[in-house]
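Structure file input-v1.cif (mmCIF, C-alpha atoms) follows.
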```
data_upload
#
loop_
_atom_site.label_atom_id
_atom_site.label_comp_id
_atom_site.auth_asym_id
_atom_site.auth_seq_id
_atom_site.Cartn_x
_atom_site.Cartn_y
_atom_site.Cartn_z
CA MET A 180 -8.51 109.48 -45.22
CA SER A 181 -9.38 107.37 -42.19
CA THR A 182 -7.17 104.40 -41.28
CA THR A 183 -8.63 103.91 -37.80
CA TYR A 184 -10.97 100.98 -37.18
CA THR A 185 -14.67 101.95 -37.31
CA SER A 186 -18.00 100.14 -37.61
CA THR A 187 -21.61 100.64 -38.70
CA ASP A 188 -24.72 98.63 -37.89
CA ALA A 189 -25.75 97.77 -41.46
CA PRO A 190 -23.96 96.43 -44.55
CA LEU A 191 -23.19 99.00 -47.23
CA GLY A 192 -25.21 99.15 -50.44
CA LYS A 193 -23.40 99.46 -53.77
CA ASN A 194 -23.92 103.21 -53.93
CA GLU A 195 -22.80 103.71 -50.33
CA LEU A 196 -19.68 101.71 -51.11
CA ALA A 197 -19.03 103.79 -54.22
CA GLN A 198 -19.41 106.96 -52.16
CA LEU A 199 -16.88 105.64 -49.65
CA VAL A 200 -14.36 104.83 -52.38
CA ALA A 201 -14.85 108.26 -53.99
CA ALA A 202 -14.19 110.00 -50.67
CA ASP A 203 -10.91 108.07 -50.28
CA ILE A 204 -9.47 109.22 -53.61
CA ALA A 205 -6.89 111.95 -53.10
CA GLU A 206 -7.32 115.37 -54.70
CA GLY A 207 -5.83 115.72 -58.17
CA SER A 208 -5.59 111.98 -58.81
CA PHE A 209 -5.74 110.31 -62.21
CA VAL A 210 -8.04 107.30 -61.83
CA ASN A 211 -9.40 104.41 -63.89
CA LEU A 212 -12.69 102.80 -62.87
CA GLY A 213 -13.16 99.18 -63.92
CA ILE A 214 -16.30 97.53 -65.26
CA GLY A 215 -19.09 96.73 -62.79
CA GLN A 216 -19.37 98.25 -59.31
CA PRO A 217 -16.39 100.61 -59.76
CA THR A 218 -18.20 102.62 -62.47
CA LEU A 219 -20.55 103.95 -59.76
CA VAL A 220 -17.65 105.83 -58.14
CA SER A 221 -17.82 108.49 -60.88
CA ASN A 222 -21.21 109.61 -59.56
CA TYR A 223 -19.77 110.58 -56.16
CA LEU A 224 -16.60 112.49 -57.00
CA SER A 225 -16.85 116.18 -56.13
CA PRO A 226 -15.52 118.94 -58.40
CA GLU A 227 -13.36 120.12 -55.50
CA GLN A 228 -11.41 116.84 -55.61
CA GLY A 229 -10.13 117.62 -59.10
CA VAL A 230 -10.00 113.93 -59.99
CA THR A 231 -9.44 113.09 -63.67
CA LEU A 232 -11.06 109.85 -64.81
CA HIS A 233 -9.41 107.76 -67.52
CA THR A 234 -11.30 105.16 -69.53
CA GLU A 235 -9.61 102.24 -71.23
CA ASN A 236 -11.42 102.93 -74.49
CA GLY A 237 -9.66 106.28 -74.89
CA MET A 238 -10.91 109.20 -72.83
CA LEU A 239 -9.59 111.52 -70.12
CA GLY A 240 -12.01 113.73 -68.23
CA MET A 241 -15.00 111.44 -67.92
CA GLY A 242 -17.84 112.74 -65.78
CA PRO A 243 -20.72 110.95 -64.00
CA GLU A 244 -22.97 108.43 -65.71
CA ALA A 245 -25.24 109.99 -68.32
CA THR A 246 -29.02 109.94 -67.83
CA GLY A 247 -32.03 111.09 -69.85
CA GLU A 248 -31.22 113.69 -72.48
CA GLN A 249 -27.53 113.59 -71.52
CA ILE A 250 -27.14 110.17 -73.16
CA ASP A 251 -24.99 110.11 -76.29
CA GLU A 252 -24.65 106.57 -77.64
CA ASP A 253 -21.19 107.42 -78.97
CA LEU A 254 -19.96 108.52 -75.53
CA ILE A 255 -19.47 105.43 -73.36
CA ASN A 256 -16.97 104.05 -70.90
CA ALA A 257 -15.14 100.70 -71.19
CA GLY A 258 -18.21 98.96 -69.76
CA LYS A 259 -20.42 100.41 -72.54
CA ILE A 260 -22.28 102.62 -70.04
CA PRO A 261 -23.23 106.10 -71.35
CA VAL A 262 -21.18 108.77 -69.57
CA THR A 263 -20.79 112.53 -69.56
CA GLU A 264 -17.69 114.55 -70.33
CA LEU A 265 -16.20 117.29 -68.17
CA PRO A 266 -14.71 120.55 -69.52
CA GLY A 267 -11.31 119.82 -71.02
CA ALA A 268 -12.06 116.17 -71.78
CA SER A 269 -9.86 114.59 -74.44
CA TYR A 270 -10.00 111.51 -76.66
CA PHE A 271 -7.23 109.32 -78.03
CA HIS A 272 -6.32 106.03 -79.67
CA HIS A 273 -6.76 102.77 -77.76
CA ALA A 274 -3.00 102.18 -77.95
CA ASP A 275 -2.32 105.56 -76.34
CA SER A 276 -4.77 104.68 -73.58
CA PHE A 277 -2.86 101.48 -72.83
CA ALA A 278 0.42 103.39 -72.89
CA MET A 279 -0.96 105.58 -70.11
CA MET A 280 -2.03 102.50 -68.16
CA ARG A 281 1.25 100.64 -68.57
CA GLY A 282 3.45 103.70 -68.11
CA GLY A 283 2.57 104.34 -64.46
CA HIS A 284 0.53 107.47 -65.18
CA LEU A 285 -2.54 106.39 -63.18
CA ASP A 286 -2.57 107.05 -59.45
CA VAL A 287 -5.40 104.62 -58.70
CA CYS A 288 -7.41 101.98 -60.51
CA VAL A 289 -10.56 100.54 -58.96
CA LEU A 290 -11.40 97.05 -60.18
CA GLY A 291 -13.90 94.29 -59.51
CA ALA A 292 -12.64 90.85 -58.50
CA PHE A 293 -13.47 87.17 -58.16
CA GLN A 294 -10.78 86.73 -55.50
CA VAL A 295 -8.11 88.71 -53.66
CA SER A 296 -5.42 86.95 -51.62
CA GLN A 297 -3.97 88.05 -48.31
CA ALA A 298 -0.80 88.96 -50.22
CA GLY A 299 -2.71 91.33 -52.50
CA ASP A 300 -2.83 88.97 -55.48
CA LEU A 301 -5.77 89.63 -57.81
CA ALA A 302 -8.00 87.29 -59.82
CA ASN A 303 -10.68 89.07 -61.81
CA TRP A 304 -10.72 87.85 -65.40
CA HIS A 305 -11.67 84.15 -65.37
CA THR A 306 -13.04 81.63 -62.88
CA GLY A 307 -11.65 78.67 -64.79
CA ALA A 308 -15.16 77.27 -65.14
CA PRO A 309 -15.70 75.11 -68.26
CA GLY A 310 -17.38 77.11 -71.01
CA ALA A 311 -16.72 80.48 -69.35
CA ILE A 312 -15.46 83.15 -71.73
CA PRO A 313 -12.09 84.63 -70.65
CA ALA A 314 -12.26 88.42 -70.70
CA VAL A 315 -9.09 89.91 -69.29
CA GLY A 316 -9.37 93.16 -71.25
CA GLY A 317 -7.00 95.73 -69.77
CA ALA A 318 -7.18 94.37 -66.22
CA MET A 319 -3.59 93.10 -66.16
CA ASP A 320 -2.27 96.38 -67.52
CA LEU A 321 -4.26 98.38 -64.97
CA ALA A 322 -3.45 96.18 -61.98
CA ILE A 323 0.29 96.41 -62.53
CA GLY A 324 0.50 99.86 -64.16
CA ALA A 325 -1.45 101.91 -61.62
CA LYS A 326 0.36 103.18 -58.54
CA GLU A 327 -2.43 101.76 -56.37
CA THR A 328 -4.99 99.05 -57.14
CA TRP A 329 -8.20 99.03 -55.14
CA VAL A 330 -10.90 96.38 -55.40
CA MET A 331 -14.67 96.66 -54.99
CA MET A 332 -16.42 93.30 -54.62
CA GLY A 333 -18.93 91.30 -52.62
CA LEU A 334 -17.10 89.64 -49.74
CA PHE A 335 -18.79 86.26 -50.19
CA THR A 336 -19.88 84.11 -53.12
CA LYS A 337 -23.48 82.93 -53.53
CA GLN A 338 -22.35 79.75 -51.79
CA GLY A 339 -21.12 81.77 -48.80
CA GLU A 340 -17.41 81.28 -49.50
CA SER A 341 -15.01 84.13 -48.82
CA LYS A 342 -13.57 85.95 -51.83
CA LEU A 343 -10.75 87.21 -49.63
CA VAL A 344 -8.56 84.11 -49.55
CA GLU A 345 -5.24 82.79 -48.32
CA ALA A 346 -4.13 81.98 -51.88
CA LEU A 347 -5.85 82.40 -55.25
CA THR A 348 -7.59 79.41 -56.78
CA TYR A 349 -8.63 81.31 -59.93
CA PRO A 350 -6.33 82.38 -62.79
CA VAL A 351 -4.13 85.31 -61.73
CA THR A 352 -4.53 88.86 -63.02
CA GLY A 353 -1.70 90.43 -61.02
CA LEU A 354 0.54 89.53 -58.09
CA GLY A 355 0.89 91.67 -54.97
CA CYS A 356 -0.92 94.59 -56.58
CA VAL A 357 -4.03 95.13 -54.40
CA SER A 358 -3.65 97.49 -51.46
CA ARG A 359 -7.32 97.95 -50.56
CA VAL A 360 -10.53 95.89 -50.74
CA TYR A 361 -13.95 97.52 -50.36
CA THR A 362 -16.88 95.20 -49.62
CA GLU A 363 -20.40 95.52 -48.25
CA SER A 364 -19.27 94.00 -44.94
CA ALA A 365 -15.83 95.53 -44.40
CA VAL A 366 -12.98 97.57 -45.83
CA PHE A 367 -9.60 95.83 -45.80
CA LEU A 368 -6.10 97.29 -46.10
CA ILE A 369 -3.46 94.94 -47.50
CA GLY A 370 0.22 95.54 -46.89
CA PRO A 371 3.53 93.87 -45.98
CA ASP A 372 2.17 93.09 -42.51
CA GLY A 373 -0.94 91.32 -43.81
CA VAL A 374 -4.62 92.22 -43.83
CA ALA A 375 -6.02 94.95 -41.60
CA VAL A 376 -9.74 95.68 -41.16
CA ARG A 377 -10.36 99.41 -41.46
CA SER A 378 -14.12 99.23 -40.94
CA THR A 379 -16.93 96.71 -40.49
CA HIS A 380 -20.51 97.10 -41.70
CA GLY A 381 -23.35 94.96 -40.37
CA THR A 382 -20.90 92.56 -38.78
CA THR A 383 -18.10 92.59 -36.19
CA PHE A 384 -14.37 92.10 -36.37
CA GLU A 385 -14.73 88.89 -34.38
CA GLU A 386 -17.35 87.49 -36.78
CA LEU A 387 -15.14 88.26 -39.75
CA ALA A 388 -12.09 86.73 -38.09
CA GLU A 389 -14.05 83.53 -37.51
CA ARG A 390 -15.49 83.35 -41.01
CA LEU A 391 -12.59 84.42 -43.23
CA PRO A 392 -9.67 82.09 -44.04
CA VAL A 393 -7.06 84.81 -43.51
CA GLU A 394 -5.51 86.31 -40.40
CA LEU A 395 -6.96 89.73 -39.63
CA LYS A 396 -5.94 92.66 -37.48
CA ARG A 397 -7.66 95.95 -36.71
CA ALA A 398 -6.40 99.01 -38.55
#
```

Rewrite the structure from the file as structure tokens, please.
Amino acid sequence: MSTTYTSTDAPLGKNELAQLVAADIAEGSFVNLGIGQPTLVSNYLSPEQGVTLHTENGMLGMGPEATGEQIDEDLINAGKIPVTELPGASYFHHADSFAMMRGGHLDVCVLGAFQVSQAGDLANWHTGAPGAIPAVGGAMDLAIGAKETWVMMGLFTKQGESKLVEALTYPVTGLGCVSRVYTESAVFLIGPDGVAVRSTHGTTFEELAERLPVELKRA
């Protein structure tokens, strides 16, 4: 797993980002993939990695997204996307699924986010906008229960504002829980010493340092 600063000429597409996240997951890990971009990660895990995917709605051993004749409408992930099952897959009650999440049995969870702070605080369930429907689901349980919380998100809003911020302005999901942020423009490592840029894509470290409201260093 690379922690040395690298760069590419073009921003990463969603599938390229998912492939990068998948490659970073350690062999034999138990992993939960959140709704949205993170679900794509399942399509890029290799059998050799031996990664076991957990879904909030009660399944261990989820495989890649189902297509064509593979689709079984009764076999979905927490985001209601049809998925496949791997040999040895098991099913269980929703309460048992949450016990796994809260009990520290997941090595990694990969979540989407509205904001991540430089301290690793996560906001991903509500923007606070009037009329918006709060939908925290199991995000709080995952963010705090998993040994590592990684985020996949666009780095900027449609208005061009950074989603990597000094302090959250949206309702909090979890405090100090995020250790990694994967975006189309850069991958960030968050730790006790602040925010380090592991890689840049279609931009430079200097451009990011000028545009983002947090202090950056190279990994």

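Here atom CA of A:Gly353 and atom CA of A:Pro313 stand 15.3 Å from one another.
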
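Distance annotation: of A:His284, A:Ile214, A:Gln297, A:Leu290, the residue with the minimal separation from A:Ile260 is A:Ile214; atom set is all atoms listed in the file.
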
Exercise. Hey, what's within 7 Å of stretch 328-342 of chain A if we count all atoms listed in the file and toss same-chain stuff fewer than 4 positions away? As JSON, numbers by chain, please?
Worked result: {"A": [216, 217, 287, 288, 289, 290, 291, 292, 293, 294, 295, 322, 356, 357, 358, 359, 360, 361, 362, 363, 364, 391]}

Exercise. If I put a ball of radius 7 Å at (-8.1, 89.9, -34.5) in the file's coordinates, which residues poke into it when counting all atoms listed in the file, written as an NGL selection string?
Worked result: :A and (384-385 or 388 or 395-397)

Edge lengths and centre in Å to one decimal, as lines of an AutoDock Vina configuration file, is what I'm after for the box along x, y and z that holds all listed atoms of stretch 308-313 of chain A once 5 Å is added on each side.
```
center_x = -14.7
center_y = 79.9
center_z = -68.4
size_x = 15.3
size_y = 19.5
size_z = 16.6
```

Exercise. Which residue, A:Leu347, A:Ala189, A:Met238, A:Leu199, has the smallest gap to A:Asn211 when you use all atoms listed in the file?
Worked result: A:Met238

For this session: List the residues sitting within 12 Å of (-13.4, 109.1, -63.3) in the file's frame, using all atoms listed in the file, as JSON, numbers by chain.
Result: {"A": [197, 200, 201, 204, 207, 208, 209, 210, 211, 212, 213, 217, 218, 219, 220, 221, 222, 223, 224, 225, 226, 228, 229, 230, 231, 232, 233, 234, 235, 238, 239, 240, 241, 242, 243, 244, 256, 257, 262, 263, 264, 265, 268, 285, 286, 287, 288, 289]}

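Note that the spacing between atom CA of A:Phe277 and atom CA of A:Ile323 amounts to 11.9 Å.
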
Exercise. How would you write, as number ranges by chain, the residues chosen by the PyMOL selection byres ((chain A and resi 351) around 9) on this structure?
Worked result: A: 300-305, 319, 347-350, 352-354

Just the selected residues (C-alpha atoms), exported as a CSV table (one decimal), in the coordinates of the input, please.
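Done, and the output landed in result.csv:
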```
chain,number,residue,atom,x,y,z
A,300,ASP,CA,-2.8,89.0,-55.5
A,301,LEU,CA,-5.8,89.6,-57.8
A,302,ALA,CA,-8.0,87.3,-59.8
A,303,ASN,CA,-10.7,89.1,-61.8
A,304,TRP,CA,-10.7,87.8,-65.4
A,305,HIS,CA,-11.7,84.2,-65.4
A,319,MET,CA,-3.6,93.1,-66.2
A,347,LEU,CA,-5.8,82.4,-55.2
A,348,THR,CA,-7.6,79.4,-56.8
A,349,TYR,CA,-8.6,81.3,-59.9
A,350,PRO,CA,-6.3,82.4,-62.8
A,352,THR,CA,-4.5,88.9,-63.0
A,353,GLY,CA,-1.7,90.4,-61.0
A,354,LEU,CA,0.5,89.5,-58.1
```

Exercise. Care to translate the PyMOL selection byres ((chain A and resi 190) around 10) into actual residues of this file, as a ChimeraX atom specification?
Worked result: /A:186-189,191-193,195-196,362-365,379-382

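Across the model, the gap from atom CA of A:Gly258 to atom CA of A:Val315 is 12.9 Å.
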
For this session: Extract, using all atoms listed in the file, all DNA, RNA and protein residues at most 7 Å from A:Arg281, discarding same-chain residues fewer than 2 positions from it, and format them as a PyMOL selection string.
Result: chain A and resi 277-279+283+320-321+324

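Using all atoms listed in the file for every distance, the candidate list A:Thr185, A:Asn236, A:Gln198, A:Thr246 yields A:Asn236 as the residue closest to A:Ser276.
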